[in-house]
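Novice: Okay, so here is protein_16.cif, and as you'll see once you scroll down, it has mmCIF, C-alpha atoms and all ligand atoms.
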data_start
#
loop_
_atom_site.group_PDB
_atom_site.id
_atom_site.type_symbol
_atom_site.label_atom_id
_atom_site.label_comp_id
_atom_site.auth_asym_id
_atom_site.auth_seq_id
_atom_site.Cartn_x
_atom_site.Cartn_y
_atom_site.Cartn_z
ATOM 1 C CA MET R 1 280.462 19.924 159.682
ATOM 2 C CA ALA R 2 281.353 19.778 156.012
ATOM 3 C CA ARG R 3 279.625 18.935 152.777
ATOM 4 C CA SER R 4 280.066 15.399 151.492
ATOM 5 C CA VAL R 5 281.327 16.780 148.171
ATOM 6 C CA ASP R 6 284.148 18.595 149.978
ATOM 7 C CA LEU R 7 285.706 15.202 150.754
ATOM 8 C CA ALA R 8 285.942 14.075 147.150
ATOM 9 C CA ARG R 9 289.680 14.659 146.689
ATOM 10 C CA ASP R 10 291.340 15.920 149.847
ATOM 11 C CA PRO R 11 291.028 15.691 153.599
ATOM 12 C CA ALA R 12 289.153 18.615 155.160
ATOM 13 C CA ALA R 13 289.965 20.572 158.312
ATOM 14 C CA VAL R 14 287.178 21.594 160.660
ATOM 15 C CA THR R 15 287.205 23.214 164.087
ATOM 16 C CA LEU R 16 284.497 22.233 166.518
ATOM 17 C CA LEU R 17 284.137 23.709 170.007
ATOM 18 C CA GLY R 18 287.683 25.054 169.755
ATOM 19 C CA ASP R 19 289.299 21.743 168.752
ATOM 20 C CA ALA R 20 290.765 21.019 165.304
ATOM 21 C CA TYR R 21 289.701 17.858 163.428
ATOM 22 C CA VAL R 22 290.542 16.262 160.118
ATOM 23 C CA ILE R 23 287.918 14.396 158.115
ATOM 24 C CA TRP R 24 288.425 12.220 155.077
ATOM 25 C CA ARG R 25 286.787 9.493 153.048
ATOM 26 C CA ASP R 26 288.424 6.135 153.739
ATOM 27 C CA GLU R 27 289.178 3.232 151.428
ATOM 28 C CA ASN R 28 285.678 1.781 152.040
ATOM 29 C CA GLY R 29 283.884 5.046 151.231
ATOM 30 C CA GLY R 30 283.103 5.815 154.889
ATOM 31 C CA VAL R 31 283.877 9.107 156.578
ATOM 32 C CA VAL R 32 286.557 9.229 159.291
ATOM 33 C CA ALA R 33 287.003 12.147 161.702
ATOM 34 C CA ALA R 34 289.909 12.459 164.133
ATOM 35 C CA PRO R 35 291.843 15.174 165.955
ATOM 36 C CA ASP R 36 293.919 17.072 163.398
ATOM 37 C CA ARG R 37 297.215 16.038 164.963
ATOM 38 C CA CYS R 38 299.512 13.291 163.833
ATOM 39 C CA PRO R 39 300.466 10.943 166.721
ATOM 40 C CA HIS R 40 304.074 10.968 165.450
ATOM 41 C CA ARG R 41 305.173 14.641 165.633
ATOM 42 C CA GLU R 42 301.840 16.443 165.782
ATOM 43 C CA ALA R 43 301.726 17.793 162.225
ATOM 44 C CA PRO R 44 298.180 18.753 161.206
ATOM 45 C CA LEU R 45 296.902 15.718 159.323
ATOM 46 C CA SER R 46 294.692 17.954 157.196
ATOM 47 C CA LEU R 47 297.896 19.126 155.435
ATOM 48 C CA GLY R 48 298.234 15.606 154.084
ATOM 49 C CA ARG R 49 296.855 13.934 150.984
ATOM 50 C CA LEU R 50 294.738 10.923 150.192
ATOM 51 C CA VAL R 51 296.440 7.895 148.699
ATOM 52 C CA GLY R 52 293.952 5.175 147.807
ATOM 53 C CA GLY R 53 291.655 6.170 150.657
ATOM 54 C CA HIS R 54 294.518 6.364 153.136
ATOM 55 C CA LEU R 55 295.353 9.709 154.683
ATOM 56 C CA GLU R 56 299.085 10.344 154.300
ATOM 57 C CA CYS R 57 300.661 12.726 156.797
ATOM 58 C CA ALA R 58 302.560 15.527 155.031
ATOM 59 C CA TYR R 59 305.503 15.361 157.449
ATOM 60 C CA HIS R 60 306.891 11.787 157.450
ATOM 61 C CA GLY R 61 304.277 10.033 155.359
ATOM 62 C CA TRP R 62 302.583 7.830 157.941
ATOM 63 C CA ARG R 63 299.296 6.594 156.494
ATOM 64 C CA PHE R 64 295.924 6.117 158.180
ATOM 65 C CA GLY R 65 292.969 4.113 156.936
ATOM 66 C CA ALA R 66 289.433 3.176 158.011
ATOM 67 C CA GLY R 67 288.821 3.576 161.720
ATOM 68 C CA GLY R 68 291.908 5.831 161.936
ATOM 69 C CA HIS R 69 294.206 2.795 161.829
ATOM 70 C CA CYS R 70 297.817 3.549 161.066
ATOM 71 C CA VAL R 71 298.533 1.269 158.122
ATOM 72 C CA LEU R 72 302.031 2.382 157.147
ATOM 73 C CA VAL R 73 305.148 3.859 158.752
ATOM 74 C CA PRO R 74 307.398 4.410 155.707
ATOM 75 C CA SER R 75 310.626 4.615 157.741
ATOM 76 C CA ALA R 76 310.064 1.236 159.397
ATOM 77 C CA ASN R 77 311.875 -1.832 158.173
ATOM 78 C CA GLU R 78 309.830 -4.696 156.820
ATOM 79 C CA GLY R 79 308.121 -6.841 159.425
ATOM 80 C CA VAL R 80 308.251 -4.204 162.156
ATOM 81 C CA PRO R 81 304.692 -3.763 163.458
ATOM 82 C CA VAL R 82 303.017 -0.372 163.630
ATOM 83 C CA PRO R 83 303.184 0.932 167.239
ATOM 84 C CA PRO R 84 299.715 0.574 168.819
ATOM 85 C CA LYS R 85 299.718 4.245 169.842
ATOM 86 C CA ALA R 86 300.063 5.261 166.176
ATOM 87 C CA HIS R 87 296.358 4.621 165.584
ATOM 88 C CA LEU R 88 294.143 7.702 165.689
ATOM 89 C CA SER R 89 291.399 8.199 168.270
ATOM 90 C CA THR R 90 288.477 8.859 165.962
ATOM 91 C CA VAL R 91 285.278 10.719 166.842
ATOM 92 C CA HIS R 92 281.717 9.994 165.698
ATOM 93 C CA ALA R 93 281.107 10.991 162.097
ATOM 94 C CA ALA R 94 278.265 10.134 159.744
ATOM 95 C CA GLU R 95 276.950 11.322 156.407
ATOM 96 C CA ARG R 96 273.370 12.368 155.899
ATOM 97 C CA TYR R 97 271.610 14.826 153.582
ATOM 98 C CA GLY R 98 274.831 15.595 151.699
ATOM 99 C CA LEU R 99 276.551 16.653 154.923
ATOM 100 C CA VAL R 100 279.043 15.205 157.351
ATOM 101 C CA TRP R 101 277.754 15.193 160.946
ATOM 102 C CA MET R 102 280.269 14.962 163.766
ATOM 103 C CA CYS R 103 280.155 14.550 167.502
ATOM 104 C CA PRO R 104 283.360 14.656 169.569
ATOM 105 C CA GLY R 105 281.774 12.907 172.563
ATOM 106 C CA GLU R 106 278.903 10.476 173.001
ATOM 107 C CA PRO R 107 275.929 11.888 171.043
ATOM 108 C CA ALA R 108 273.100 13.061 173.321
ATOM 109 C CA THR R 109 270.738 13.300 170.332
ATOM 110 C CA GLY R 110 270.565 11.715 166.899
ATOM 111 C CA ILE R 111 270.677 13.248 163.448
ATOM 112 C CA PRO R 112 267.229 14.706 162.703
ATOM 113 C CA ASP R 113 264.980 12.511 160.639
ATOM 114 C CA ILE R 114 263.823 14.136 157.387
ATOM 115 C CA PRO R 115 261.516 11.661 155.600
ATOM 116 C CA TYR R 116 261.289 13.988 152.557
ATOM 117 C CA ASP R 117 264.843 12.905 151.752
ATOM 118 C CA ALA R 118 263.640 9.452 150.726
ATOM 119 C CA ASP R 119 260.490 10.693 148.970
ATOM 120 C CA PRO R 120 260.935 10.789 145.175
ATOM 121 C CA ALA R 121 258.415 13.656 144.933
ATOM 122 C CA TYR R 122 260.979 15.883 146.658
ATOM 123 C CA ARG R 123 264.406 17.012 145.537
ATOM 124 C CA ARG R 124 267.182 17.985 147.913
ATOM 125 C CA LEU R 125 269.310 21.089 147.432
ATOM 126 C CA ASN R 126 272.545 21.776 149.314
ATOM 127 C CA VAL R 127 274.539 24.984 149.610
ATOM 128 C CA ASP R 128 278.085 25.777 150.714
ATOM 129 C CA VAL R 129 279.080 25.895 154.374
ATOM 130 C CA GLU R 130 279.715 29.489 155.505
ATOM 131 C CA GLN R 131 281.568 30.731 158.562
ATOM 132 C CA TRP R 132 279.685 33.408 160.494
ATOM 133 C CA GLN R 133 281.133 35.624 163.231
ATOM 134 C CA ALA R 134 278.130 34.867 165.413
ATOM 135 C CA SER R 135 277.395 32.672 168.385
ATOM 136 C CA VAL R 136 275.570 29.426 167.659
ATOM 137 C CA THR R 137 273.089 30.274 170.408
ATOM 138 C CA ARG R 138 272.204 33.603 168.801
ATOM 139 C CA MET R 139 271.768 31.900 165.440
ATOM 140 C CA THR R 140 269.434 29.201 166.755
ATOM 141 C CA ASP R 141 267.419 31.821 168.662
ATOM 142 C CA ASN R 142 267.104 33.859 165.458
ATOM 143 C CA PHE R 143 265.951 30.935 163.326
ATOM 144 C CA LEU R 144 263.189 30.163 165.842
ATOM 145 C CA ASP R 145 262.013 33.771 165.876
ATOM 146 C CA ILE R 146 259.546 35.244 163.383
ATOM 147 C CA SER R 147 259.121 38.693 164.954
ATOM 148 C CA HIS R 148 262.270 39.921 163.178
ATOM 149 C CA PHE R 149 260.819 39.218 159.703
ATOM 150 C CA PRO R 150 259.342 42.728 159.130
ATOM 151 C CA PHE R 151 262.583 44.399 160.247
ATOM 152 C CA VAL R 152 265.448 42.188 159.076
ATOM 153 C CA HIS R 153 263.934 40.610 155.964
ATOM 154 C CA THR R 154 262.535 43.665 154.199
ATOM 155 C CA GLY R 155 264.869 43.044 151.244
ATOM 156 C CA THR R 156 263.362 39.593 150.631
ATOM 157 C CA PHE R 157 259.990 38.500 151.994
ATOM 158 C CA GLY R 158 259.386 40.584 155.132
ATOM 159 C CA ARG R 159 256.422 42.934 155.136
ATOM 160 C CA ALA R 160 257.173 46.027 157.194
ATOM 161 C CA GLN R 161 253.473 46.518 157.936
ATOM 162 C CA ASP R 162 252.935 43.090 159.561
ATOM 163 C CA THR R 163 254.595 43.215 162.949
ATOM 164 C CA HIS R 164 252.154 41.294 165.157
ATOM 165 C CA VAL R 165 252.934 37.681 165.907
ATOM 166 C CA PRO R 166 249.812 35.583 166.486
ATOM 167 C CA LYS R 167 249.580 33.636 169.736
ATOM 168 C CA ILE R 168 252.223 30.916 169.668
ATOM 169 C CA GLU R 169 251.088 27.431 170.684
ATOM 170 C CA LEU R 170 254.119 25.258 171.206
ATOM 171 C CA GLY R 171 253.920 21.525 170.717
ATOM 172 C CA PRO R 172 255.479 18.503 169.039
ATOM 173 C CA LEU R 173 255.761 18.778 165.255
ATOM 174 C CA GLU R 174 256.341 15.855 162.912
ATOM 175 C CA ASP R 175 259.608 13.890 162.926
ATOM 176 C CA GLY R 176 260.697 14.745 166.468
ATOM 177 C CA PHE R 177 260.838 18.526 166.033
ATOM 178 C CA PHE R 178 259.250 20.777 168.652
ATOM 179 C CA GLY R 179 257.842 24.189 167.837
ATOM 180 C CA TYR R 180 254.796 25.926 166.415
ATOM 181 C CA ARG R 181 252.555 26.369 163.394
ATOM 182 C CA TYR R 182 251.574 29.717 161.959
ATOM 183 C CA GLU R 183 250.509 31.612 158.884
ATOM 184 C CA VAL R 184 252.465 34.537 157.630
ATOM 185 C CA GLU R 185 251.891 37.028 154.839
ATOM 186 C CA VAL R 186 255.019 37.548 152.769
ATOM 187 C CA ASN R 187 256.141 39.782 149.958
ATOM 188 C CA ASN R 188 256.527 37.836 146.741
ATOM 189 C CA ASP R 189 258.816 39.912 144.585
ATOM 190 C CA ALA R 190 261.042 38.713 141.747
ATOM 191 C CA LEU R 191 263.245 36.252 143.664
ATOM 192 C CA GLY R 192 260.404 35.032 145.855
ATOM 193 C CA ALA R 193 258.102 34.612 142.861
ATOM 194 C CA SER R 194 260.658 32.418 141.155
ATOM 195 C CA ALA R 195 261.065 30.288 144.306
ATOM 196 C CA SER R 196 257.309 29.997 144.956
ATOM 197 C CA GLY R 197 256.092 29.684 141.365
ATOM 198 C CA LEU R 198 253.329 32.182 142.215
ATOM 199 C CA ALA R 199 252.852 35.633 140.725
ATOM 200 C CA ALA R 200 250.768 37.427 143.418
ATOM 201 C CA LYS R 201 252.605 40.322 145.075
ATOM 202 C CA VAL R 202 251.671 39.078 148.571
ATOM 203 C CA LEU R 203 251.300 35.430 149.570
ATOM 204 C CA THR R 204 250.134 33.571 152.632
ATOM 205 C CA ARG R 205 252.520 30.832 153.680
ATOM 206 C CA ARG R 206 251.454 28.121 156.099
ATOM 207 C CA MET R 207 254.535 27.344 158.135
ATOM 208 C CA THR R 208 255.944 25.340 160.989
ATOM 209 C CA THR R 209 259.144 26.201 162.769
ATOM 210 C CA GLY R 210 260.727 23.910 165.310
ATOM 211 C CA PHE R 211 264.002 22.795 166.806
ATOM 212 C CA HIS R 212 265.930 19.605 167.262
ATOM 213 C CA LEU R 213 268.569 19.783 169.972
ATOM 214 C CA PRO R 214 271.127 21.097 170.125
ATOM 215 C CA PHE R 215 271.146 23.687 167.299
ATOM 216 C CA THR R 216 269.060 22.485 164.368
ATOM 217 C CA VAL R 217 265.977 24.391 163.231
ATOM 218 C CA ARG R 218 263.500 23.200 160.619
ATOM 219 C CA SER R 219 261.017 25.458 158.872
ATOM 220 C CA THR R 220 258.374 23.952 156.626
ATOM 221 C CA ILE R 221 256.645 26.288 154.193
ATOM 222 C CA HIS R 222 253.456 25.332 152.431
ATOM 223 C CA TYR R 223 252.288 27.529 149.537
ATOM 224 C CA GLU R 224 248.747 27.816 148.168
ATOM 225 C CA ASN R 225 249.757 26.016 144.959
ATOM 226 C CA GLY R 226 250.693 22.841 146.874
ATOM 227 C CA LEU R 227 254.411 23.553 146.880
ATOM 228 C CA ASP R 228 256.214 22.429 150.013
ATOM 229 C CA HIS R 229 259.566 24.003 150.758
ATOM 230 C CA ILE R 230 261.369 22.466 153.736
ATOM 231 C CA LEU R 231 264.391 24.224 155.169
ATOM 232 C CA LEU R 232 266.852 22.695 157.595
ATOM 233 C CA LEU R 233 268.978 25.420 159.174
ATOM 234 C CA LEU R 234 272.202 24.079 160.631
ATOM 235 C CA SER R 235 274.481 25.997 162.977
ATOM 236 C CA THR R 236 277.682 24.451 164.329
ATOM 237 C CA PRO R 237 279.908 26.007 167.002
ATOM 238 C CA VAL R 238 283.519 26.544 165.868
ATOM 239 C CA ASP R 239 284.028 28.392 169.147
ATOM 240 C CA ASP R 240 281.837 30.615 171.330
ATOM 241 C CA LEU R 241 281.666 33.459 168.821
ATOM 242 C CA THR R 242 282.214 31.733 165.484
ATOM 243 C CA SER R 243 279.891 29.259 163.813
ATOM 244 C CA LEU R 244 279.478 27.292 160.638
ATOM 245 C CA PHE R 245 276.203 27.752 158.839
ATOM 246 C CA THR R 246 274.596 25.825 156.041
ATOM 247 C CA PHE R 247 271.063 24.900 155.063
ATOM 248 C CA VAL R 248 269.377 22.108 153.163
ATOM 249 C CA VAL R 249 266.179 22.491 151.147
ATOM 250 C CA TRP R 250 263.685 19.833 150.097
ATOM 251 C CA ARG R 251 260.928 20.755 147.589
ATOM 252 C CA ASN R 252 258.165 18.905 145.820
ATOM 253 C CA ASP R 253 258.312 21.189 142.771
ATOM 254 C CA ASP R 254 258.387 20.014 139.165
ATOM 255 C CA PHE R 255 262.203 20.199 139.205
ATOM 256 C CA THR R 256 262.263 22.695 136.332
ATOM 257 C CA VAL R 257 263.385 25.825 138.208
ATOM 258 C CA PRO R 258 267.211 25.676 138.235
ATOM 259 C CA THR R 259 268.775 24.927 141.610
ATOM 260 C CA ASP R 260 270.663 28.225 141.709
ATOM 261 C CA GLU R 261 267.502 30.186 141.185
ATOM 262 C CA VAL R 262 265.677 28.373 143.987
ATOM 263 C CA LEU R 263 268.568 28.841 146.378
ATOM 264 C CA ARG R 264 269.213 32.493 145.579
ATOM 265 C CA PHE R 265 266.110 33.490 147.557
ATOM 266 C CA ASP R 266 267.007 31.468 150.674
ATOM 267 C CA LYS R 267 270.616 32.648 150.475
ATOM 268 C CA ALA R 268 269.479 36.282 150.356
ATOM 269 C CA ILE R 269 267.359 35.640 153.471
ATOM 270 C CA GLY R 270 270.334 34.023 155.230
ATOM 271 C CA ALA R 271 272.525 37.004 154.340
ATOM 272 C CA GLU R 272 269.990 39.322 156.009
ATOM 273 C CA ASP R 273 270.112 37.262 159.211
ATOM 274 C CA ARG R 274 273.900 37.132 159.065
ATOM 275 C CA ARG R 275 274.235 40.903 158.703
ATOM 276 C CA MET R 276 272.258 41.391 161.912
ATOM 277 C CA LEU R 277 273.732 38.490 163.904
ATOM 278 C CA GLU R 278 277.345 39.441 163.203
ATOM 279 C CA ARG R 279 276.667 42.789 164.851
ATOM 280 C CA VAL R 280 275.174 41.344 168.042
ATOM 281 C CA PRO R 281 278.116 40.766 170.388
ATOM 282 C CA GLY R 282 278.720 37.808 172.658
ATOM 283 C CA VAL R 283 276.710 34.672 173.273
ATOM 284 C CA LEU R 284 273.013 34.476 174.034
ATOM 285 C CA PRO R 285 272.579 33.859 177.783
ATOM 286 C CA LEU R 286 270.987 30.448 178.256
ATOM 287 C CA ASP R 287 269.320 31.587 181.475
ATOM 288 C CA ALA R 288 265.972 32.729 180.086
ATOM 289 C CA THR R 289 265.554 35.344 182.819
ATOM 290 C CA ALA R 290 268.750 37.151 181.811
ATOM 291 C CA LEU R 291 266.977 38.906 178.921
ATOM 292 C CA VAL R 292 263.477 40.232 178.397
ATOM 293 C CA SER R 293 261.342 37.835 176.381
ATOM 294 C CA VAL R 294 257.792 38.280 175.099
ATOM 295 C CA GLN R 295 255.278 35.773 173.780
ATOM 296 C CA ALA R 296 256.849 35.920 170.287
ATOM 297 C CA ASP R 297 260.027 34.479 171.857
ATOM 298 C CA LYS R 298 258.282 31.439 173.337
ATOM 299 C CA ALA R 299 259.956 28.900 171.058
ATOM 300 C CA SER R 300 263.419 30.202 171.853
ATOM 301 C CA VAL R 301 262.714 30.215 175.593
ATOM 302 C CA GLU R 302 261.631 26.562 175.408
ATOM 303 C CA TRP R 303 264.588 25.639 173.224
ATOM 304 C CA ARG R 304 266.987 27.156 175.760
ATOM 305 C CA ARG R 305 265.242 25.395 178.640
ATOM 306 C CA ARG R 306 265.648 22.029 176.901
ATOM 307 C CA LEU R 307 269.211 22.775 175.815
ATOM 308 C CA VAL R 308 270.194 23.531 179.398
ATOM 309 C CA ALA R 309 268.493 20.317 180.550
ATOM 310 C CA MET R 310 270.405 18.388 177.894
ATOM 311 C CA LEU R 311 273.704 19.966 178.910
ATOM 312 C CA GLU R 312 272.960 19.057 182.519
ATOM 313 C CA GLY R 313 272.321 15.455 181.482
ATOM 314 C CA ALA R 314 268.563 15.345 182.053
ATOM 315 C CA PRO R 315 266.527 12.905 179.929
ATOM 316 C CA LEU R 316 265.649 14.472 176.599
ATOM 317 C CA PRO R 317 262.085 15.498 175.927
ATOM 318 C CA VAL R 318 262.662 15.647 172.157
ATOM 319 C CA ALA R 319 263.269 12.238 170.638
ATOM 320 C CA ALA R 320 264.765 11.625 167.253
ATOM 321 C CA PRO R 321 266.260 8.512 165.749
ATOM 322 C CA ALA R 322 270.007 8.235 165.520
ATOM 323 C CA GLY R 323 271.863 6.460 162.807
ATOM 324 C CA THR R 324 273.858 6.795 159.679
ATOM 325 C CA ASP R 325 273.111 6.454 156.012
HETATM 326 S S1 LIG R 401 304.282 14.028 162.039
HETATM 327 FE FE1 LIG R 401 302.994 12.799 160.863
HETATM 328 S S2 LIG R 401 304.273 11.307 160.078
HETATM 329 FE FE2 LIG R 401 305.575 12.474 161.352
HETATM 330 FE FE FE R 402 265.642 35.532 159.728
#
Could you spell out this file's structure in structure tokens?
Specialist:
Amino acid sequence: MARSVDLARDPAAVTLLGDAYVIWRDENGGVVAAPDRCPHREAPLSLGRLVGGHLECAYHGWRFGAGGHCVLVPSANEGVPVPPKAHLSTVHAAERYGLVWMCPGEPATGIPDIPYDADPAYRRLNVDVEQWQASVTRMTDNFLDISHFPFVHTGTFGRAQDTHVPKIELGPLEDGFFGYRYEVEVNNDALGASASGLAAKVLTRRMTTGFHLPFTVRSTIHYENGLDHILLLLSTPVDDLTSLFTFVVWRNDDFTVPTDEVLRFDKAIGAEDRRMLERVPGVLPLDATALVSVQADKASVEWRRRLVAMLEGAPLPVAAPAGTD
């Protein structure tokens, strides 16, 4: 996973599930992703540069274009065809919401549908991609969990006095997400007040939190003043214990609060989660009976059940449209 803007000038290197890939923008403006290994002498292609949308290997200058096609072998004499094996075996890559989405195999699910993205009443805000020393399973579990708010998020919105989680009723949410609806009282201090546009010291947020397999979590936050703040939390496995993290925000505000100011609040919340998650060792066991879970963990238990079913090839209970922009 990378941000679209990261591909403006150079190829980017990304590691997914332990394997290295290169991604670049081709001569037609599309995104190409392929193993980060030149078929000639295995130099990392991400060391190369872009020449007119062609990726030029840094070692002997072979060039690759749309679809990973090798378009030039500089050492070859005129008229000599490019060897068929010189073409790269690309993997699925698509751009959506300012991000590059990749899948090394056949996708078992699509990219989540976020209709707010096409709604002119909403603006979209992107942040950098961070690398966390945390397992993608622990991150997804955390983003589905609200019982940590009064303990982990006391520096932002968490209220130490509100520890009870109301009864969680799981069900389908809009746009193919699956999760629950709830109300939560939050502290609304300086950063939060700027993000919410409300001055009260404590606010009630109406929220939904749900997942889209494998590791995407969406939280929708509705404030009393009509402001909707939609958060897409995206965790990508680099390997078992390392993950990429980024989030995307959509808001129907009046577009006057500067982007940085809006994002500072959500970034501070993410940093609180990160601090905790980077101290929890190992991966989260997918077998739900391996750990003690209570009713507040219901969403995570169901997410793990469906993830395991997906990994075992069972038909998916959560549907979402696939496609590319
Ligand atoms: S290793 Fe890439 S061109 Fe030789
Ligand atoms: Fe959190």
Novice: I would like the residues chosen by the PyMOL selection byres (((chain R and resi 114) around 10) and not hetatm) on the shown file; could you give them as a compact mmCIF listing (two decimals) with C-alpha atoms, in the frame of the given file?
Specialist:
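Wrote it out as expr-v6.txt, contents follow:
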# COMPACT_ATOMS: atom_id res chain seq x y z
CA ARG R 96 273.37 12.37 155.90
CA TYR R 97 271.61 14.83 153.58
CA ILE R 111 270.68 13.25 163.45
CA PRO R 112 267.23 14.71 162.70
CA ASP R 113 264.98 12.51 160.64
CA PRO R 115 261.52 11.66 155.60
CA TYR R 116 261.29 13.99 152.56
CA ASP R 117 264.84 12.90 151.75
CA ALA R 118 263.64 9.45 150.73
CA ASP R 119 260.49 10.69 148.97
CA GLU R 174 256.34 15.86 162.91
CA ASP R 175 259.61 13.89 162.93
CA GLY R 176 260.70 14.74 166.47
CA ARG R 218 263.50 23.20 160.62
CA ILE R 230 261.37 22.47 153.74
CA LEU R 232 266.85 22.70 157.60
CA TRP R 250 263.68 19.83 150.10
Novice: Which chains and residue numbers are within 7 Å of ligand FE 402 (chain R), counting only C-alpha atoms and all ligand atoms, if I want them as a VMD selection string?
Specialist: chain R and resid 142 to 143 148 to 149 152 to 153 269 to 270 272 to 273
Novice: Take the residues from that selection and put them in a file with C-alpha atoms, as a PDB file, in the coordinates of the input.
Specialist:
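Once written, out-v4.pdb looks like this:
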ATOM      1  CA  ASN R 142     267.104  33.859 165.458  1.00  0.00           C
ATOM      2  CA  PHE R 143     265.951  30.935 163.326  1.00  0.00           C
ATOM      3  CA  HIS R 148     262.270  39.921 163.178  1.00  0.00           C
ATOM      4  CA  PHE R 149     260.819  39.218 159.703  1.00  0.00           C
ATOM      5  CA  VAL R 152     265.448  42.188 159.076  1.00  0.00           C
ATOM      6  CA  HIS R 153     263.934  40.610 155.964  1.00  0.00           C
ATOM      7  CA  ILE R 269     267.359  35.640 153.471  1.00  0.00           C
ATOM      8  CA  GLY R 270     270.334  34.023 155.230  1.00  0.00           C
ATOM      9  CA  GLU R 272     269.990  39.322 156.009  1.00  0.00           C
ATOM     10  CA  ASP R 273     270.112  37.262 159.211  1.00  0.00           C
TER      11      ASP R 273
END
Novice: Counting only C-alpha atoms, which residues come within 10 Å of (278.4, 24.4, 159.3), with the point read in the file's coordinates, and could you list them as a list in words?
Specialist: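 The residues that fall inside the cut-off are Met1, Ala2, Arg3, Val14, Leu16, Leu99, Val100, Trp101, Asp128, Val129, Glu130, Gln131, Trp132, Leu233, Leu234, Ser235, Thr236, Pro237, Val238, Ser243, Leu244, Phe245, Thr246 and Phe247 of chain R.
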Novice: Set the cut-off to 8 Å, count only C-alpha atoms and all ligand atoms, and list whatever residues fall near ligand LIG 401 (chain R) as a list of chain:residue names.
Specialist: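 Counting only what the definition allows, namely only C-alpha atoms and all ligand atoms, the set is R:Arg37, R:Cys38, R:Pro39, R:His40, R:Arg41, R:Glu42, R:Ala43, R:Pro44, R:Leu45, R:Glu56, R:Cys57, R:Ala58, R:Tyr59, R:His60, R:Gly61, R:Trp62, R:Arg63, R:Val73.
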Novice: When you draw a straight line from atom CA of Ala271 of chain R to atom CA of Gly158 of chain R, how long is it in Å?
Specialist: 13.6 Å
Novice: Find the residue from R:Ser147, R:Asn126, R:Thr289, R:Val31 that sits nearest to Gly98 of chain R; use all atoms listed in the file when measuring.
Specialist: R:Asn126
Novice: Excluding same-chain residues fewer than 3 positions from Ala299 of chain R, what lies within 8 Å of it counting only C-alpha atoms, as a short mmCIF file (atom, residue, chain, number, x, y, z; two decimals) with C-alpha atoms, in the coordinates of the input?
Specialist:
data_model
loop_
_atom_site.label_atom_id
_atom_site.label_comp_id
_atom_site.auth_asym_id
_atom_site.auth_seq_id
_atom_site.Cartn_x
_atom_site.Cartn_y
_atom_site.Cartn_z
CA LEU R 144 263.19 30.16 165.84
CA ASP R 145 262.01 33.77 165.88
CA LEU R 170 254.12 25.26 171.21
CA GLY R 179 257.84 24.19 167.84
CA TYR R 180 254.80 25.93 166.42
CA GLY R 210 260.73 23.91 165.31
CA ALA R 296 256.85 35.92 170.29
CA GLU R 302 261.63 26.56 175.41
CA TRP R 303 264.59 25.64 173.22
#
Novice: Of the residues R:Thr15, R:Ser4, R:Asn77, R:Thr140, which is the one nearest to Phe211 of chain R, using all atoms listed in the file?
Specialist: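 Comparing R:Thr15, R:Ser4, R:Asn77, R:Thr140 against Phe211 of chain R, the winner is R:Thr140.
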Novice: I'd like the interatomic distance between atom CA of Ala108 of chain R and atom CA of Ile23 of chain R, to a tenth of an Å.
Specialist: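 Rounded to one decimal, the two atoms are 21.3 Å apart.
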Novice: Skipping near chain neighbours, those fewer than 6 positions away, what residues fall within 12 Å of Gly226 of chain R using all atoms listed in the file, listed as a list in words?
Specialist: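 Once the nearby chain positions are removed, what remains is Ser196, Gly197, Leu198, Arg205, Arg206, Arg251, Asn252, Asp253 and Asp254 of chain R.
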Novice: Nearest to Ala193 of chain R: which of R:Ser46, R:Thr156, R:Ser89, R:Ser293 is it, counting all atoms listed in the file?
Specialist: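 For Ala193 of chain R, the nearest of the given residues is R:Thr156.
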Novice: Applied to the shown file, which residues does the PyMOL selection byres (((chain R and resi 280-284) around 9) and not hetatm) return, written as a list in words?
Specialist: Ala134, Ser135, Val136, Thr137, Arg138, Asp141, Asp240, Leu241, Met276, Leu277, Glu278, Arg279, Pro285, Leu286, Asp287 and Leu291 of chain R
Novice: Calculate how many Å separate atom CA of Ser219 of chain R from atom CA of Asp297 of chain R, rounding to one decimal.
Specialist: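 Computing the Euclidean distance for atom CA of Ser219 of chain R and atom CA of Asp297 of chain R yields 15.8 Å.
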